[in-house]
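Taking it in order: structure first as structure tokens, then the write-up.
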Amino acid sequence: MKTRSRIALLGYQALLLFLLPVFLIRLGWRSRRQPAYREHWWERLALYPHNNPNTQGCIWIHAVSVGETRACVPLVAAIRERWPDRSILMTHTTPTGREVGENLYGDQVTRLYLPYDIPGAIDRFLRRFQPSIGLMMETEIWPGIVHSAGLHQIPICLISGRLSERSARAYAKTGLLGRDAFSGMSLICAQTEADAERFRQRGANRVVVTGNLKFDAPLADNETSQGQRVRAWLGEHRPVFLAASTREGEEALILEAWKKTRLHPSRPLLVLVPRHPQRFNEVATLIHDAGDPYVRKTEMPLCAESNALAFPSDQILSDSVNVVLGDTMGEMAIWYRAADLAFIGGSLLPLGGQNLIEALARACPVLIGLHTFNFNQVTQEALAAGAAVRVNTPDSLVDQAQELLKDSARRKQMGEAGQAFVARHQGSAHRTLDQLAPFVKS
């Protein structure tokens, strides 16, 4: 390792060690709103009990949170089919990602929190679990991990990799540190050619385009029936507009603009599903303060013989309710099935947008704001395919929603265009494994 590169890495690691007390304090602070952050905290320092399962030679996948964990479903299935004798270790950063991983994979994978990228912790992690390969999802590039894995002769590959122009500019400011991290990766499987070119410009040596794993996400067997039951509860006689994966600041804007629908003859129903569970109570307060009669999904009676979204089919939501707060996790697909139209959150404000593929795959027509740099190419292609419509402001969002809710033929056309768009982009999981195969030690 060249002297300047070593100095840059040592400086980065020294800074993280200095900030470690801050990280732990922040972890404690976040646990006040989300107590699950207190659990398994020792894993973030790579301190493990002696009864951990034997994972030597495992395939290690790092999936930060919910979206990445769900996107791994087709990949995990393909790995189990191609290398049935390999165990799978999956690391997360957030408790919600870990919880979703437990629900999706059960005992098929071993779950842990990824250690902080500090000297000693990553080395302990690699020595303890001895993975044969490390797969980082989408944007996870950690200089310490890449360096330590190199010392242990463990290939680190980025899969379903994406790099926005904004992120590329940020990495450019890290100088040698970032360039060494990119060049130290054994392989980058990029989502698009534009992503691939940005990776190359940042120093990556081996980059291939294999597509976006989110297009391969399977549809659950009971989705359609569950969506029908939820829609029966919401009421077939009212149009249903879903604001999905909304982020901080967006709900207040949507609720203010939504007031104009109170005088609309059909009085469409708004379903708000915030992106982060720790904000459910905060959003409930916003709805209350906006003066809209509302219910929380968790307050409703459930059907005992099925899962949490199976509302009794003989109950219908009162017409006096204007807003439903979807305050549960892992059920967005069912909401897409039940809605007539969806707005994809994170795009009204400069937050980069959330995943719209899940809605398109379920024939749910989509509205999306201006700020979609996290999913730029997917958004552009969905707009071009006629599966989505761009809106500029909260008022234009509500105006466009009202127009589309009156036009069932156009919604049907958009939904079919969305499904066809998703079908054209599938196959990433197997293309990715074909590229990874030479790195998986026999």
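In the structure tokens, the first chain shown is A, the next is B, and so on; residue numbers restart at 1 for each chain, and ligands run from 1 in the order shown.
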
Could you find all residues in range 321-393 of chain A that DSSP calls helix (DSSP H, G or I) from the backbone, and write them as a PyMOL selection string?
chain A and resi 332-338+357-361+373-384

Store the residues of this selection in a file with N, CA and C atoms, as a short mmCIF file (atom, residue, chain, number, x, y, z; two decimals), in the first residue's frame.
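Contents of again-v7.cif, as written:
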data_model
loop_
_atom_site.label_atom_id
_atom_site.label_comp_id
_atom_site.auth_asym_id
_atom_site.auth_seq_id
_atom_site.Cartn_x
_atom_site.Cartn_y
_atom_site.Cartn_z
N MET A 332 -46.27 -2.89 2.58
CA MET A 332 -46.49 -1.91 1.52
C MET A 332 -47.09 -2.55 0.28
N ALA A 333 -46.65 -3.76 -0.04
CA ALA A 333 -47.18 -4.43 -1.24
C ALA A 333 -48.69 -4.57 -1.17
N ILE A 334 -49.22 -4.85 0.02
CA ILE A 334 -50.66 -5.00 0.17
C ILE A 334 -51.37 -3.68 -0.03
N TRP A 335 -50.77 -2.60 0.49
CA TRP A 335 -51.36 -1.27 0.27
C TRP A 335 -51.38 -0.93 -1.22
N TYR A 336 -50.31 -1.27 -1.95
CA TYR A 336 -50.31 -1.02 -3.39
C TYR A 336 -51.44 -1.79 -4.08
N ARG A 337 -51.68 -3.01 -3.61
CA ARG A 337 -52.77 -3.81 -4.19
C ARG A 337 -54.13 -3.17 -3.92
N ALA A 338 -54.27 -2.53 -2.77
CA ALA A 338 -55.57 -1.99 -2.38
C ALA A 338 -55.84 -0.59 -2.94
N ILE A 357 -40.41 0.65 -7.99
CA ILE A 357 -40.55 -0.61 -8.70
C ILE A 357 -41.62 -1.48 -8.04
N GLU A 358 -41.69 -1.46 -6.71
CA GLU A 358 -42.65 -2.29 -5.99
C GLU A 358 -44.07 -1.96 -6.40
N ALA A 359 -44.37 -0.67 -6.58
CA ALA A 359 -45.71 -0.26 -7.01
C ALA A 359 -45.97 -0.66 -8.46
N LEU A 360 -44.99 -0.44 -9.33
CA LEU A 360 -45.16 -0.75 -10.75
C LEU A 360 -45.41 -2.23 -10.97
N ALA A 361 -44.72 -3.06 -10.20
CA ALA A 361 -44.87 -4.52 -10.34
C ALA A 361 -46.28 -4.97 -9.99
N PHE A 373 -33.16 11.53 -7.44
CA PHE A 373 -31.79 11.22 -7.83
C PHE A 373 -31.33 9.85 -7.35
N ASN A 374 -31.98 9.26 -6.34
CA ASN A 374 -31.61 7.91 -5.92
C ASN A 374 -32.09 6.83 -6.89
N PHE A 375 -33.11 7.15 -7.67
CA PHE A 375 -33.70 6.21 -8.62
C PHE A 375 -33.90 6.90 -9.96
N ASN A 376 -32.91 7.65 -10.39
CA ASN A 376 -33.09 8.55 -11.52
C ASN A 376 -33.43 7.81 -12.81
N GLN A 377 -32.63 6.81 -13.18
CA GLN A 377 -32.87 6.15 -14.46
C GLN A 377 -34.16 5.35 -14.44
N VAL A 378 -34.43 4.64 -13.34
CA VAL A 378 -35.69 3.90 -13.24
C VAL A 378 -36.87 4.85 -13.39
N THR A 379 -36.79 6.01 -12.73
CA THR A 379 -37.88 6.98 -12.82
C THR A 379 -38.04 7.49 -14.24
N GLN A 380 -36.94 7.86 -14.88
CA GLN A 380 -37.02 8.37 -16.24
C GLN A 380 -37.62 7.33 -17.19
N GLU A 381 -37.22 6.08 -17.04
CA GLU A 381 -37.74 5.04 -17.91
C GLU A 381 -39.21 4.74 -17.63
N ALA A 382 -39.60 4.80 -16.35
CA ALA A 382 -41.01 4.58 -16.00
C ALA A 382 -41.89 5.71 -16.55
N LEU A 383 -41.39 6.94 -16.49
CA LEU A 383 -42.12 8.07 -17.07
C LEU A 383 -42.26 7.89 -18.58
N ALA A 384 -41.17 7.50 -19.24
CA ALA A 384 -41.20 7.31 -20.69
C ALA A 384 -42.13 6.17 -21.09
#

Which of range 164-322 of chain A DSSP labels strand (DSSP E or B), written as a ChimeraX atom specification
/A:187-190,207-209,240-246,269-274,294-296

Can you check which parts of range 112-197 of chain A lie within 8 Å of range 57-76 of chain A? Per residue, the shortest pair of atoms and distance in Å to one decimal, counting only C-alpha atoms, sorted by chain and number, as a Markdown table.
| residue | atom | partner | partner_atom | distance |
| --- | --- | --- | --- | --- |
| A:Leu114 | CA | A:His62 | CA | 7.5 |
| A:Phe129 | CA | A:Cys58 | CA | 7.7 |
| A:Gln130 | CA | A:Gly57 | CA | 5.9 |
| A:Pro131 | CA | A:Cys58 | CA | 4.6 |
| A:Ser132 | CA | A:Gly57 | CA | 4.6 |
| A:Ile133 | CA | A:Ile59 | CA | 5.5 |
| A:Gly134 | CA | A:Trp60 | CA | 4.8 |
| A:Leu135 | CA | A:Ile61 | CA | 4.7 |
| A:Met136 | CA | A:His62 | CA | 5.0 |
| A:Met137 | CA | A:Ala63 | CA | 5.6 |
| A:Glu138 | CA | A:Glu68 | CA | 7.7 |

Quick one: residues within 9 Å of Asp395 in chain A, only C-alpha atoms, excluding same-chain residues fewer than 4 positions away - as a list in words?
Leu253, Ile254, Glu256, Ala257, Trp258, Val391, Asp399 and Gln400 of chain A

Selection file, C-alpha atoms, as a PDB file, in the first residue's frame:
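Result went into result_39.pdb, see below:
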ATOM      1  CA  LEU A 253     -47.318  19.352   2.782  1.00  0.00           C
ATOM      2  CA  ILE A 254     -49.574  16.563   1.518  1.00  0.00           C
ATOM      3  CA  GLU A 256     -52.361  20.751   3.664  1.00  0.00           C
ATOM      4  CA  ALA A 257     -52.888  20.238  -0.061  1.00  0.00           C
ATOM      5  CA  TRP A 258     -55.314  17.374   0.584  1.00  0.00           C
ATOM      6  CA  VAL A 391     -45.604  16.338 -10.285  1.00  0.00           C
ATOM      7  CA  ASP A 399     -54.693  18.000  -8.539  1.00  0.00           C
ATOM      8  CA  GLN A 400     -53.149  15.246 -10.638  1.00  0.00           C
TER       9      GLN A 400
END

Which residues of range 316-394 of chain A come within 9 Å of range 267-281 of chain A, and for each one, what is the closest pair of atoms and their distance in Å to one decimal, counting only C-alpha atoms, sorted by chain and residue number, as a Markdown table?
| residue | atom | partner | partner_atom | distance |
| --- | --- | --- | --- | --- |
| A:Asp319 | CA | A:Arg267 | CA | 8.7 |
| A:Val321 | CA | A:Leu269 | CA | 7.7 |
| A:Asn322 | CA | A:Leu269 | CA | 5.4 |
| A:Val323 | CA | A:Leu270 | CA | 4.8 |
| A:Val324 | CA | A:Val271 | CA | 4.7 |
| A:Leu325 | CA | A:Leu272 | CA | 5.0 |
| A:Gly326 | CA | A:Val273 | CA | 4.6 |
| A:Asp327 | CA | A:Phe280 | CA | 5.7 |
| A:Thr328 | CA | A:Pro277 | CA | 7.2 |
| A:Met329 | CA | A:Pro277 | CA | 7.1 |
| A:Met332 | CA | A:Val273 | CA | 8.0 |
| A:Trp335 | CA | A:Val271 | CA | 8.5 |
| A:Ala339 | CA | A:Val271 | CA | 8.5 |
| A:Gly345 | CA | A:Arg275 | CA | 7.9 |
| A:Gly346 | CA | A:Arg275 | CA | 8.6 |
| A:Gln354 | CA | A:Arg275 | CA | 8.8 |
